[in-house]
>>> print(open('entry-v6.json').read())   # JSON, C-alpha atoms and all ligand atoms
[["chain", "number", "residue", "atom", "x", "y", "z"],
["K", 1, "MET", "CA", -5.92, -6.17, -9.41],
["K", 2, "LEU", "CA", -4.24, -6.71, -12.83],
["K", 3, "VAL", "CA", -5.82, -9.36, -15.02],
["K", 4, "LEU", "CA", -4.86, -10.34, -18.56],
["K", 5, "GLU", "CA", -7.37, -12.60, -20.28],
["K", 6, "ASN", "CA", -6.19, -14.50, -23.30],
["K", 7, "VAL", "CA", -4.26, -11.50, -24.62],
["K", 8, "ARG", "CA", -2.81, -11.51, -28.11],
["K", 9, "SER", "CA", -0.52, -8.64, -28.92],
["K", 10, "GLY", "CA", 2.52, -7.73, -30.97],
["K", 11, "TYR", "CA", 4.03, -5.33, -33.45],
["K", 12, "GLY", "CA", 2.33, -4.84, -36.82],
["K", 13, "GLN", "CA", 1.82, -8.23, -38.40],
["K", 14, "VAL", "CA", 4.09, -9.94, -35.88],
["K", 15, "GLU", "CA", 2.16, -11.58, -33.08],
["K", 16, "VAL", "CA", 4.32, -11.86, -29.95],
["K", 17, "LEU", "CA", 1.79, -12.73, -27.22],
["K", 18, "LYS", "CA", -0.27, -15.73, -28.23],
["K", 19, "GLY", "CA", -3.03, -15.75, -25.66],
["K", 20, "VAL", "CA", -1.52, -14.74, -22.32],
["K", 21, "SER", "CA", -3.65, -14.97, -19.18],
["K", 22, "LEU", "CA", -2.37, -13.87, -15.80],
["K", 23, "GLU", "CA", -3.58, -12.33, -12.57],
["K", 24, "ILE", "CA", -1.75, -10.25, -10.01],
["K", 25, "LYS", "CA", -3.70, -9.60, -6.84],
["K", 26, "LYS", "CA", -3.73, -6.44, -4.74],
["K", 27, "GLY", "CA", -0.44, -5.81, -2.95],
["K", 28, "GLU", "CA", 1.22, -8.91, -4.38],
["K", 29, "TYR", "CA", 4.85, -9.28, -5.35],
["K", 30, "ALA", "CA", 4.98, -11.03, -8.71],
["K", 31, "ALA", "CA", 7.60, -11.77, -11.34],
["K", 32, "ILE", "CA", 7.77, -12.57, -15.02],
["K", 33, "ILE", "CA", 10.72, -14.68, -16.11],
["K", 34, "GLY", "CA", 11.79, -16.22, -19.39],
["K", 35, "ALA", "CA", 14.51, -16.17, -22.01],
["K", 36, "ASN", "CA", 15.35, -13.15, -24.18],
["K", 37, "GLY", "CA", 12.86, -12.18, -26.84],
["K", 38, "HIS", "CA", 9.97, -14.33, -25.59],
["K", 39, "GLY", "CA", 7.57, -11.46, -24.85],
["K", 40, "LYS", "CA", 8.14, -10.29, -21.25],
["K", 41, "THR", "CA", 8.46, -6.60, -22.12],
["K", 42, "THR", "CA", 5.56, -6.95, -24.55],
["K", 43, "ILE", "CA", 3.36, -8.07, -21.65],
["K", 44, "LEU", "CA", 4.19, -4.90, -19.69],
["K", 45, "ARG", "CA", 3.67, -2.70, -22.75],
["K", 46, "THR", "CA", 0.30, -4.27, -23.41],
["K", 47, "ALA", "CA", -0.80, -3.94, -19.78],
["K", 48, "SER", "CA", 0.19, -0.26, -19.63],
["K", 49, "GLY", "CA", -1.58, 0.63, -22.90],
["K", 50, "LEU", "CA", 1.51, 1.25, -25.03],
["K", 51, "LEU", "CA", 0.36, -1.66, -27.19],
["K", 52, "ARG", "CA", -3.25, -2.48, -27.95],
["K", 53, "PRO", "CA", -4.04, -6.19, -27.89],
["K", 54, "SER", "CA", -5.48, -7.67, -31.09],
["K", 55, "SER", "CA", -7.75, -9.79, -28.91],
["K", 56, "GLY", "CA", -8.33, -10.56, -25.23],
["K", 57, "ARG", "CA", -8.94, -8.21, -22.31],
["K", 58, "VAL", "CA", -6.83, -6.24, -19.85],
["K", 59, "LYS", "CA", -8.49, -5.43, -16.54],
["K", 60, "PHE", "CA", -7.21, -3.35, -13.66],
["K", 61, "ASP", "CA", -8.83, -2.80, -10.29],
["K", 62, "GLY", "CA", -12.09, -4.27, -11.55],
["K", 63, "GLU", "CA", -12.23, -2.10, -14.66],
["K", 64, "ASP", "CA", -11.75, -3.09, -18.29],
["K", 65, "ILE", "CA", -8.81, -0.98, -19.50],
["K", 66, "THR", "CA", -8.27, -2.71, -22.86],
["K", 67, "GLY", "CA", -7.20, -0.11, -25.41],
["K", 68, "MET", "CA", -7.07, 2.71, -22.84],
["K", 69, "PRO", "CA", -4.27, 5.25, -23.62],
["K", 70, "PRO", "CA", -1.13, 4.92, -21.45],
["K", 71, "TYR", "CA", -1.56, 8.22, -19.59],
["K", 72, "LYS", "CA", -5.03, 7.14, -18.46],
["K", 73, "VAL", "CA", -3.78, 3.73, -17.37],
["K", 74, "ALA", "CA", -1.12, 5.50, -15.28],
["K", 75, "GLU", "CA", -3.80, 7.69, -13.72],
["K", 76, "LYS", "CA", -5.58, 4.52, -12.61],
["K", 77, "GLY", "CA", -2.48, 3.62, -10.59],
["K", 78, "LEU", "CA", -0.85, 1.09, -12.95],
["K", 79, "ILE", "CA", 2.69, 2.32, -13.50],
["K", 80, "HIS", "CA", 5.21, 0.96, -16.01],
["K", 81, "ILE", "CA", 8.91, 1.60, -15.48],
["K", 82, "PRO", "CA", 10.69, 0.70, -18.72],
["K", 83, "GLU", "CA", 14.02, -1.07, -18.85],
["K", 84, "GLY", "CA", 17.15, 1.08, -18.61],
["K", 85, "ALA", "CA", 15.87, 3.94, -16.41],
["K", 86, "ARG", "CA", 15.56, 6.41, -19.35],
["K", 87, "LEU", "CA", 16.07, 9.58, -17.32],
["K", 88, "PHE", "CA", 16.55, 12.99, -18.89],
["K", 89, "PRO", "CA", 20.37, 13.17, -18.55],
["K", 90, "GLN", "CA", 20.69, 16.97, -18.64],
["K", 91, "MET", "CA", 18.02, 17.49, -16.02],
["K", 92, "THR", "CA", 18.45, 17.32, -12.28],
["K", 93, "VAL", "CA", 17.16, 14.47, -10.15],
["K", 94, "GLN", "CA", 14.30, 16.63, -8.92],
["K", 95, "GLU", "CA", 13.35, 17.74, -12.45],
["K", 96, "ASN", "CA", 13.28, 14.10, -13.50],
["K", 97, "LEU", "CA", 11.03, 13.25, -10.56],
["K", 98, "VAL", "CA", 8.63, 16.11, -11.27],
["K", 99, "ALA", "CA", 8.39, 14.86, -14.88],
["K", 100, "GLY", "CA", 6.75, 11.75, -13.41],
["K", 101, "ALA", "CA", 3.88, 13.84, -12.03],
["K", 102, "PHE", "CA", 2.43, 14.56, -15.47],
["K", 103, "ALA", "CA", -1.14, 13.51, -14.71],
["K", 104, "LYS", "CA", -3.45, 16.30, -13.58],
["K", 105, "SER", "CA", -4.10, 14.86, -10.14],
["K", 106, "SER", "CA", -0.40, 14.13, -9.57],
["K", 107, "TRP", "CA", 0.61, 17.60, -10.76],
["K", 108, "ARG", "CA", -1.69, 19.24, -8.24],
["K", 109, "ASN", "CA", -0.08, 17.20, -5.44],
["K", 110, "LYS", "CA", 3.49, 17.17, -6.71],
["K", 111, "ALA", "CA", 5.00, 18.85, -3.64],
["K", 112, "LYS", "CA", 3.36, 16.30, -1.36],
["K", 113, "ASN", "CA", 4.39, 13.39, -3.59],
["K", 114, "LEU", "CA", 7.93, 14.69, -3.88],
["K", 115, "ALA", "CA", 8.16, 14.81, -0.07],
["K", 116, "ARG", "CA", 6.80, 11.25, 0.14],
["K", 117, "VAL", "CA", 9.32, 9.97, -2.42],
["K", 118, "TYR", "CA", 12.23, 11.75, -0.70],
["K", 119, "GLN", "CA", 11.20, 10.23, 2.60],
["K", 120, "LEU", "CA", 11.21, 6.77, 1.03],
["K", 121, "PHE", "CA", 14.54, 7.37, -0.74],
["K", 122, "PRO", "CA", 16.69, 9.68, 1.45],
["K", 123, "ASN", "CA", 19.80, 9.08, -0.68],
["K", 124, "ILE", "CA", 17.92, 10.48, -3.68],
["K", 125, "ALA", "CA", 16.83, 13.52, -1.68],
["K", 126, "GLU", "CA", 20.49, 14.29, -0.99],
["K", 127, "ARG", "CA", 21.11, 14.36, -4.73],
["K", 128, "LYS", "CA", 18.08, 16.31, -5.85],
["K", 129, "ASN", "CA", 20.11, 19.05, -7.57],
["K", 130, "GLN", "CA", 22.56, 16.70, -9.23],
["K", 131, "LEU", "CA", 22.32, 16.17, -13.01],
["K", 132, "ALA", "CA", 20.93, 12.74, -13.83],
["K", 133, "LEU", "CA", 23.89, 11.95, -16.11],
["K", 134, "THR", "CA", 26.26, 12.09, -13.12],
["K", 135, "LEU", "CA", 24.39, 9.44, -11.10],
["K", 136, "SER", "CA", 25.66, 5.90, -10.61],
["K", 137, "GLY", "CA", 23.75, 3.11, -12.36],
["K", 138, "GLY", "CA", 22.02, 2.07, -9.14],
["K", 139, "GLU", "CA", 21.04, 5.64, -8.32],
["K", 140, "ARG", "CA", 19.69, 6.09, -11.84],
["K", 141, "GLN", "CA", 17.50, 3.01, -11.50],
["K", 142, "THR", "CA", 16.29, 4.20, -8.09],
["K", 143, "VAL", "CA", 15.36, 7.61, -9.55],
["K", 144, "ALA", "CA", 13.47, 5.85, -12.37],
["K", 145, "ILE", "CA", 11.48, 3.90, -9.78],
["K", 146, "ALA", "CA", 10.97, 7.02, -7.66],
["K", 147, "ARG", "CA", 9.70, 8.85, -10.75],
["K", 148, "GLY", "CA", 7.06, 6.13, -11.19],
["K", 149, "LEU", "CA", 5.97, 6.74, -7.60],
["K", 150, "MET", "CA", 5.37, 10.44, -8.31],
["K", 151, "ALA", "CA", 2.00, 9.44, -9.74],
["K", 152, "GLU", "CA", -0.92, 9.86, -7.39],
["K", 153, "ASN", "CA", -2.35, 6.70, -5.91],
["K", 154, "VAL", "CA", 0.04, 4.06, -7.31],
["K", 155, "LYS", "CA", -1.43, 0.58, -6.94],
["K", 156, "LEU", "CA", 0.85, -1.62, -9.02],
["K", 157, "LEU", "CA", 4.37, -0.83, -10.13],
["K", 158, "MET", "CA", 5.61, -2.87, -13.11],
["K", 159, "ILE", "CA", 9.40, -2.69, -13.34],
["K", 160, "ASP", "CA", 11.15, -4.08, -16.42],
["K", 161, "GLU", "CA", 14.50, -5.64, -15.44],
["K", 162, "PRO", "CA", 15.45, -3.38, -12.53],
["K", 163, "SER", "CA", 18.82, -5.09, -12.27],
["K", 164, "ALA", "CA", 19.82, -4.92, -15.95],
["K", 165, "GLY", "CA", 23.40, -3.75, -16.36],
["K", 166, "LEU", "CA", 24.02, -3.21, -12.64],
["K", 167, "ALA", "CA", 26.79, -4.60, -10.44],
["K", 168, "PRO", "CA", 25.52, -7.02, -7.75],
["K", 169, "ILE", "CA", 25.95, -4.52, -4.92],
["K", 170, "LEU", "CA", 23.82, -1.97, -6.78],
["K", 171, "ILE", "CA", 21.20, -4.63, -7.49],
["K", 172, "ASP", "CA", 21.00, -5.25, -3.73],
["K", 173, "GLU", "CA", 20.38, -1.55, -3.27],
["K", 174, "VAL", "CA", 17.61, -1.44, -5.87],
["K", 175, "TYR", "CA", 15.86, -4.50, -4.44],
["K", 176, "GLU", "CA", 16.09, -3.02, -0.95],
["K", 177, "LYS", "CA", 14.13, -0.05, -2.30],
["K", 178, "ILE", "CA", 11.63, -2.34, -3.97],
["K", 179, "GLY", "CA", 11.18, -4.04, -0.57],
["K", 180, "GLU", "CA", 10.43, -0.68, 1.03],
["K", 181, "ILE", "CA", 7.84, 0.09, -1.64],
["K", 182, "ARG", "CA", 6.18, -3.28, -1.04],
["K", 183, "LYS", "CA", 5.91, -2.44, 2.67],
["K", 184, "THR", "CA", 3.76, 0.57, 1.77],
["K", 185, "GLY", "CA", 1.15, -1.79, 0.27],
["K", 186, "VAL", "CA", 1.94, -1.08, -3.38],
["K", 187, "GLY", "CA", 1.98, -4.20, -5.56],
["K", 188, "VAL", "CA", 5.14, -4.87, -7.55],
["K", 189, "LEU", "CA", 5.59, -6.84, -10.77],
["K", 190, "VAL", "CA", 9.17, -7.26, -11.92],
["K", 191, "VAL", "CA", 10.67, -8.75, -15.04],
["K", 192, "GLU", "CA", 13.75, -10.39, -13.63],
["K", 193, "GLN", "CA", 16.29, -12.96, -14.75],
["K", 194, "SER", "CA", 17.94, -13.66, -11.42],
["K", 195, "PRO", "CA", 16.18, -16.38, -9.34],
["K", 196, "LYS", "CA", 17.77, -15.00, -6.17],
["K", 197, "ARG", "CA", 15.85, -11.72, -6.49],
["K", 198, "ILE", "CA", 12.43, -13.29, -6.82],
["K", 199, "ALA", "CA", 12.67, -16.11, -4.28],
["K", 200, "ASP", "CA", 10.05, -14.40, -2.06],
["K", 201, "CYS", "CA", 7.51, -13.66, -4.80],
["K", 202, "ASP", "CA", 3.86, -14.54, -4.26],
["K", 203, "CYS", "CA", 3.66, -15.72, -7.86],
["K", 204, "ILE", "CA", 5.96, -16.20, -10.81],
["K", 205, "TYR", "CA", 5.06, -16.56, -14.48],
["K", 206, "LEU", "CA", 7.42, -18.28, -16.87],
["K", 207, "ILE", "CA", 6.91, -16.97, -20.40],
["K", 208, "GLU", "CA", 7.96, -18.98, -23.41],
["K", 209, "ASN", "CA", 7.25, -18.05, -27.04],
["K", 210, "GLY", "CA", 4.57, -15.58, -26.04],
["K", 211, "GLU", "CA", 2.70, -18.01, -23.81],
["K", 212, "VAL", "CA", 2.58, -18.75, -20.10],
["K", 213, "ARG", "CA", 4.59, -21.95, -19.87],
["K", 214, "MET", "CA", 4.30, -22.22, -16.09],
["K", 215, "GLN", "CA", 2.91, -20.29, -13.15],
["K", 216, "GLY", "CA", 2.96, -20.79, -9.40],
["K", 217, "SER", "CA", 4.57, -19.82, -6.14],
["K", 218, "ALA", "CA", 8.25, -18.88, -6.13],
["K", 219, "LYS", "CA", 9.13, -22.30, -4.71],
["K", 220, "GLU", "CA", 7.09, -24.24, -7.28],
["K", 221, "VAL", "CA", 8.45, -22.34, -10.24],
["K", 222, "LEU", "CA", 12.06, -21.81, -9.26],
["K", 223, "GLU", "CA", 12.58, -25.45, -8.30],
["K", 224, "SER", "CA", 11.02, -26.88, -11.46],
["K", 225, "LYS", "CA", 12.89, -28.62, -14.26],
["K", 226, "GLU", "CA", 11.23, -26.39, -16.90],
["K", 227, "VAL", "CA", 12.72, -23.31, -15.34],
["K", 228, "MET", "CA", 16.16, -24.82, -15.09],
["K", 229, "GLN", "CA", 15.91, -25.65, -18.80],
["K", 230, "ALA", "CA", 14.62, -22.18, -19.69],
["K", 231, "TYR", "CA", 17.54, -20.58, -17.89],
["K", 232, "LEU", "CA", 20.05, -22.95, -19.43],
["K", 233, "GLY", "CA", 18.45, -22.32, -22.82],
["K", 234, "SER", "CA", 18.75, -18.55, -22.59],
["Y", 301, "LIG", "N1", 9.08, -2.41, -31.57],
["Y", 301, "LIG", "C1", 9.16, -3.66, -32.03],
["Y", 301, "LIG", "N2", 8.89, -3.94, -33.33],
["Y", 301, "LIG", "C2", 8.96, -5.21, -33.81],
["Y", 301, "LIG", "N3", 9.26, -6.29, -33.06],
["Y", 301, "LIG", "C3", 9.53, -6.06, -31.77],
["Y", 301, "LIG", "C4", 9.49, -4.75, -31.19],
["Y", 301, "LIG", "N4", 9.81, -4.86, -29.88],
["Y", 301, "LIG", "C5", 10.04, -6.16, -29.65],
["Y", 301, "LIG", "N5", 9.86, -6.89, -30.77],
["Y", 301, "LIG", "C6", 10.02, -8.35, -30.90],
["Y", 301, "LIG", "O1", 9.07, -8.98, -30.06],
["Y", 301, "LIG", "C7", 9.61, -10.15, -29.47],
["Y", 301, "LIG", "C8", 9.44, -10.07, -27.96],
["Y", 301, "LIG", "O2", 10.14, -8.95, -27.47],
["Y", 301, "LIG", "P1", 10.15, -8.54, -25.95],
["Y", 301, "LIG", "O3", 10.86, -7.25, -25.87],
["Y", 301, "LIG", "O4", 8.76, -8.60, -25.41],
["Y", 301, "LIG", "O5", 11.02, -9.71, -25.31],
["Y", 301, "LIG", "P2", 11.62, -9.87, -23.84],
["Y", 301, "LIG", "O6", 11.12, -11.19, -23.34],
["Y", 301, "LIG", "O7", 11.31, -8.67, -23.04],
["Y", 301, "LIG", "O8", 13.17, -9.98, -24.14],
["Y", 301, "LIG", "P3", 14.45, -9.45, -23.30],
["Y", 301, "LIG", "O9", 14.67, -10.46, -22.23],
["Y", 301, "LIG", "O10", 15.55, -9.47, -24.31],
["Y", 301, "LIG", "O11", 14.12, -8.07, -22.79],
["Y", 301, "LIG", "C9", 11.07, -10.22, -29.92],
["Y", 301, "LIG", "O12", 11.15, -11.14, -30.96],
["Y", 301, "LIG", "C10", 11.35, -8.81, -30.42],
["Y", 301, "LIG", "O13", 12.31, -8.80, -31.44],
["Y", 302, "MG", "MG", 12.48, -7.16, -22.22]]
>>> encode(input="entry-v6.json", output="structure tokens", more="lines below")
Ligand SMILES: Nc1ncnc2c1ncn2[C@@H]1O[C@H](COP(=O)(O)OP(=O)(O)OP(=O)(O)O)[C@@H](O)[C@H]1O
Ligand SMILES: [Mg+2]
Amino acid sequence: MLVLENVRSGYGQVEVLKGVSLEIKKGEYAAIIGANGHGKTTILRTASGLLRPSSGRVKFDGEDITGMPPYKVAEKGLIHIPEGARLFPQMTVQENLVAGAFAKSSWRNKAKNLARVYQLFPNIAERKNQLALTLSGGERQTVAIARGLMAENVKLLMIDEPSAGLAPILIDEVYEKIGEIRKTGVGVLVVEQSPKRIADCDCIYLIENGEVRMQGSAKEVLESKEVMQAYLGS
């Protein structure tokens, strides 16, 4: 579904990703882990078209999407939810959700997609007229995820640190929602620091200095010495 082949990418002259290869299959639950500043967010930005790789290929659903603009990548069903929710604070929950239906095809079907999202997240539906700035942290993160699902035909949702800055009980809530999304057949890729949250992943990639240091099943990766060291080192 999502394939990165030997991707090099960064900011200006600074190369952050030094040849990253990874593959996330259709409907999989995958995670990227690693210490701060090692390139996890840069991987998501490069996959979603916000950054253009200096070399290597990005493929999605069998198509080469290297260098494709972000709005087109989103139209293909590859959705990037940046860290920290980034809602429009002075807009209502519903206005924030509708802002996620910017693509032509999604805009046409926004009423249908809004109904689908409200069905998946009833607690958000109850708050549709509430200003985003008055939401709790967990609710904000849920709305950010729901906004990503307002796109038509979502195939893979990439969520950057869904638990950042949240109290444990709110993190439970957010991961419960992620579980519900997975049940609908949508693939999920999370950047996550907490081993507990990714114990049931199909595959985990450990990123170190812009390279894949280790990859494997949740059990293989989470029980390895390298990962223990990476966590202790962060
Ligand atoms: N816009 C930018 N311009 C220049 N350098 C940047 C920019 N964004 C990130 N970097 C640098 O790229 C490197 C990788 O950053 P990235 O955000 O991918 O790390 P990360 O693994 O997501 O870290 P964290 O766990 O803190 O979110 C860091 O050294 C960072 O300072
Ligand atoms: Mg990051």
>>> closest_residue(input="entry-v6.json", among="K:Gln94, K:Ser136, K:Thr46, K:Ser54", to="Glu15 in chain K", atoms="all atoms listed in the file")
K:Ser54
>>> residues_near_ligand(input="entry-v6.json", ligand="ligand LIG 301 (chain Y)", cutoff="6 Å", atoms="only C-alpha atoms and all ligand atoms", output="number ranges by chain")
K: 11, 16, 35-42
>>> closest_residue(input="entry-v6.json", among="K:Pro195, K:Pro82, K:Gly56, K:Gly27", to="ligand MG 302 (chain Y)", atoms="all atoms listed in the file")
K:Pro82
>>> residues_around(input="entry-v6.json", residues="range 218-224 of chain K", least_positions_apart="3", cutoff="10 Å", atoms="all atoms listed in the file", output="PDB file with C-alpha atoms, in the coordinates of the input")
ATOM      1  CA  ALA K  30       4.980 -11.030  -8.710  1.00  0.00           C
ATOM      2  CA  ALA K  31       7.600 -11.770 -11.340  1.00  0.00           C
ATOM      3  CA  ILE K  33      10.720 -14.680 -16.110  1.00  0.00           C
ATOM      4  CA  PRO K 195      16.180 -16.380  -9.340  1.00  0.00           C
ATOM      5  CA  LYS K 196      17.770 -15.000  -6.170  1.00  0.00           C
ATOM      6  CA  ILE K 198      12.430 -13.290  -6.820  1.00  0.00           C
ATOM      7  CA  ALA K 199      12.670 -16.110  -4.280  1.00  0.00           C
ATOM      8  CA  ASP K 200      10.050 -14.400  -2.060  1.00  0.00           C
ATOM      9  CA  CYS K 201       7.510 -13.660  -4.800  1.00  0.00           C
ATOM     10  CA  ASP K 202       3.860 -14.540  -4.260  1.00  0.00           C
ATOM     11  CA  CYS K 203       3.660 -15.720  -7.860  1.00  0.00           C
ATOM     12  CA  ILE K 204       5.960 -16.200 -10.810  1.00  0.00           C
ATOM     13  CA  TYR K 205       5.060 -16.560 -14.480  1.00  0.00           C
ATOM     14  CA  LEU K 206       7.420 -18.280 -16.870  1.00  0.00           C
ATOM     15  CA  MET K 214       4.300 -22.220 -16.090  1.00  0.00           C
ATOM     16  CA  GLN K 215       2.910 -20.290 -13.150  1.00  0.00           C
ATOM     17  CA  VAL K 227      12.720 -23.310 -15.340  1.00  0.00           C
ATOM     18  CA  MET K 228      16.160 -24.820 -15.090  1.00  0.00           C
ATOM     19  CA  GLN K 229      15.910 -25.650 -18.800  1.00  0.00           C
TER      20      GLN K 229
END
>>> residues_around(input="entry-v6.json", residues="Met68 in chain K", least_positions_apart="4", cutoff="8 Å", atoms="only C-alpha atoms", output="PyMOL selection string")
chain K and resi 49+72-73
>>> closest_residue(input="entry-v6.json", among="K:Gln13, K:Thr134, K:Gln119, K:Ser106", to="Glu152 in chain K", atoms="only C-alpha atoms")
K:Ser106
>>> atom_distance(input="entry-v6.json", atom1="CA of Pro53 in chain K", atom2="CA of Lys155 in chain K")
22.2 Å
>>> atom_distance(input="entry-v6.json", atom1="CA of Lys25 in chain K", atom2="CA of Leu157 in chain K")
12.4 Å
>>> atom_distance(input="entry-v6.json", atom1="CA of Gly62 in chain K", atom2="CA of Asp160 in chain K")
23.7 Å
>>> axis_aligned_box(input="entry-v6.json", around="range 131-137 of chain K", padding_each_side="5 Å", output="AutoDock Vina command-line options")
--center_x 23.6 --center_y 9.6 --center_z -13.4 --size_x 15.3 --size_y 23.1 --size_z 15.5
>>> closest_residue(input="entry-v6.json", among="K:Ile181, K:Asn109, K:Ile32, K:Ser194", to="ligand MG 302 (chain Y)", atoms="only C-alpha atoms and all ligand atoms")
K:Ile32
>>> closest_residue(input="entry-v6.json", among="K:Gly84, K:Leu156, K:Trp107, K:Val190", to="Phe60 in chain K", atoms="all atoms listed in the file")
K:Leu156
>>> residues_around(input="entry-v6.json", residues="range 1-6 of chain K", least_positions_apart="5", cutoff="8 Å", atoms="all atoms listed in the file", output="mmCIF file with C-alpha atoms, in the coordinates of the input")
data_model
loop_
_atom_site.group_PDB
_atom_site.id
_atom_site.type_symbol
_atom_site.label_atom_id
_atom_site.label_comp_id
_atom_site.auth_asym_id
_atom_site.auth_seq_id
_atom_site.Cartn_x
_atom_site.Cartn_y
_atom_site.Cartn_z
ATOM 1 C CA LYS K 18 -0.270 -15.730 -28.230
ATOM 2 C CA GLY K 19 -3.030 -15.750 -25.660
ATOM 3 C CA VAL K 20 -1.520 -14.740 -22.320
ATOM 4 C CA SER K 21 -3.650 -14.970 -19.180
ATOM 5 C CA LEU K 22 -2.370 -13.870 -15.800
ATOM 6 C CA GLU K 23 -3.580 -12.330 -12.570
ATOM 7 C CA ILE K 24 -1.750 -10.250 -10.010
ATOM 8 C CA LYS K 25 -3.700 -9.600 -6.840
ATOM 9 C CA LYS K 26 -3.730 -6.440 -4.740
ATOM 10 C CA ALA K 47 -0.800 -3.940 -19.780
ATOM 11 C CA SER K 55 -7.750 -9.790 -28.910
ATOM 12 C CA GLY K 56 -8.330 -10.560 -25.230
ATOM 13 C CA ARG K 57 -8.940 -8.210 -22.310
ATOM 14 C CA VAL K 58 -6.830 -6.240 -19.850
ATOM 15 C CA LYS K 59 -8.490 -5.430 -16.540
ATOM 16 C CA PHE K 60 -7.210 -3.350 -13.660
ATOM 17 C CA ASP K 61 -8.830 -2.800 -10.290
ATOM 18 C CA GLY K 62 -12.090 -4.270 -11.550
#
>>> residues_near_point(input="entry-v6.json", point="(15.1, -2.1, -16.6)", cutoff="9 Å", atoms="all atoms listed in the file", output="list in words")
Ile81, Pro82, Glu83, Gly84, Ala85, Arg86, Gln141, Ile159, Asp160, Glu161, Pro162, Ser163, Ala164, Gly165, Val191 and Glu192 of chain K
>>> closest_residue(input="entry-v6.json", among="K:Gln90, K:Asn113, K:Gln130, K:Gln193", to="Arg147 in chain K", atoms="all atoms listed in the file")
K:Asn113
>>> residues_around(input="entry-v6.json", residues="range 96-102 of chain K", least_positions_apart="6", cutoff="7 Å", atoms="all atoms listed in the file", output="ChimeraX atom specification")
/K:87-88,110,146-148,150-151
>>> build_atoms(input="entry-v6.json", residues="range 19-30 of chain K", atoms="N, CA and C atoms", output="short mmCIF file (atom, residue, chain, number, x, y, z; two decimals), keeping the file's coordinate frame")
data_model
loop_
_atom_site.label_atom_id
_atom_site.label_comp_id
_atom_site.auth_asym_id
_atom_site.auth_seq_id
_atom_site.Cartn_x
_atom_site.Cartn_y
_atom_site.Cartn_z
N GLY K 19 -1.97 -15.34 -26.59
CA GLY K 19 -3.03 -15.75 -25.66
C GLY K 19 -2.51 -15.86 -24.24
N VAL K 20 -2.07 -14.74 -23.69
CA VAL K 20 -1.52 -14.74 -22.32
C VAL K 20 -2.62 -14.41 -21.31
N SER K 21 -2.74 -15.25 -20.29
CA SER K 21 -3.65 -14.97 -19.18
C SER K 21 -2.83 -14.94 -17.90
N LEU K 22 -3.03 -13.90 -17.11
CA LEU K 22 -2.37 -13.87 -15.80
C LEU K 22 -3.14 -12.97 -14.86
N GLU K 23 -2.89 -13.14 -13.57
CA GLU K 23 -3.58 -12.33 -12.57
C GLU K 23 -2.62 -11.99 -11.44
N ILE K 24 -2.54 -10.70 -11.14
CA ILE K 24 -1.75 -10.25 -10.01
C ILE K 24 -2.69 -9.57 -9.03
N LYS K 25 -2.72 -10.11 -7.82
CA LYS K 25 -3.70 -9.60 -6.84
C LYS K 25 -3.15 -8.37 -6.13
N LYS K 26 -4.05 -7.69 -5.45
CA LYS K 26 -3.73 -6.44 -4.74
C LYS K 26 -2.55 -6.64 -3.78
N GLY K 27 -1.57 -5.78 -3.89
CA GLY K 27 -0.44 -5.81 -2.95
C GLY K 27 0.53 -6.96 -3.14
N GLU K 28 0.33 -7.76 -4.18
CA GLU K 28 1.22 -8.91 -4.38
C GLU K 28 2.59 -8.50 -4.94
N TYR K 29 3.54 -9.41 -4.72
CA TYR K 29 4.85 -9.28 -5.35
C TYR K 29 4.94 -10.40 -6.38
N ALA K 30 5.02 -10.03 -7.65
CA ALA K 30 4.98 -11.03 -8.71
C ALA K 30 6.15 -10.82 -9.66
#
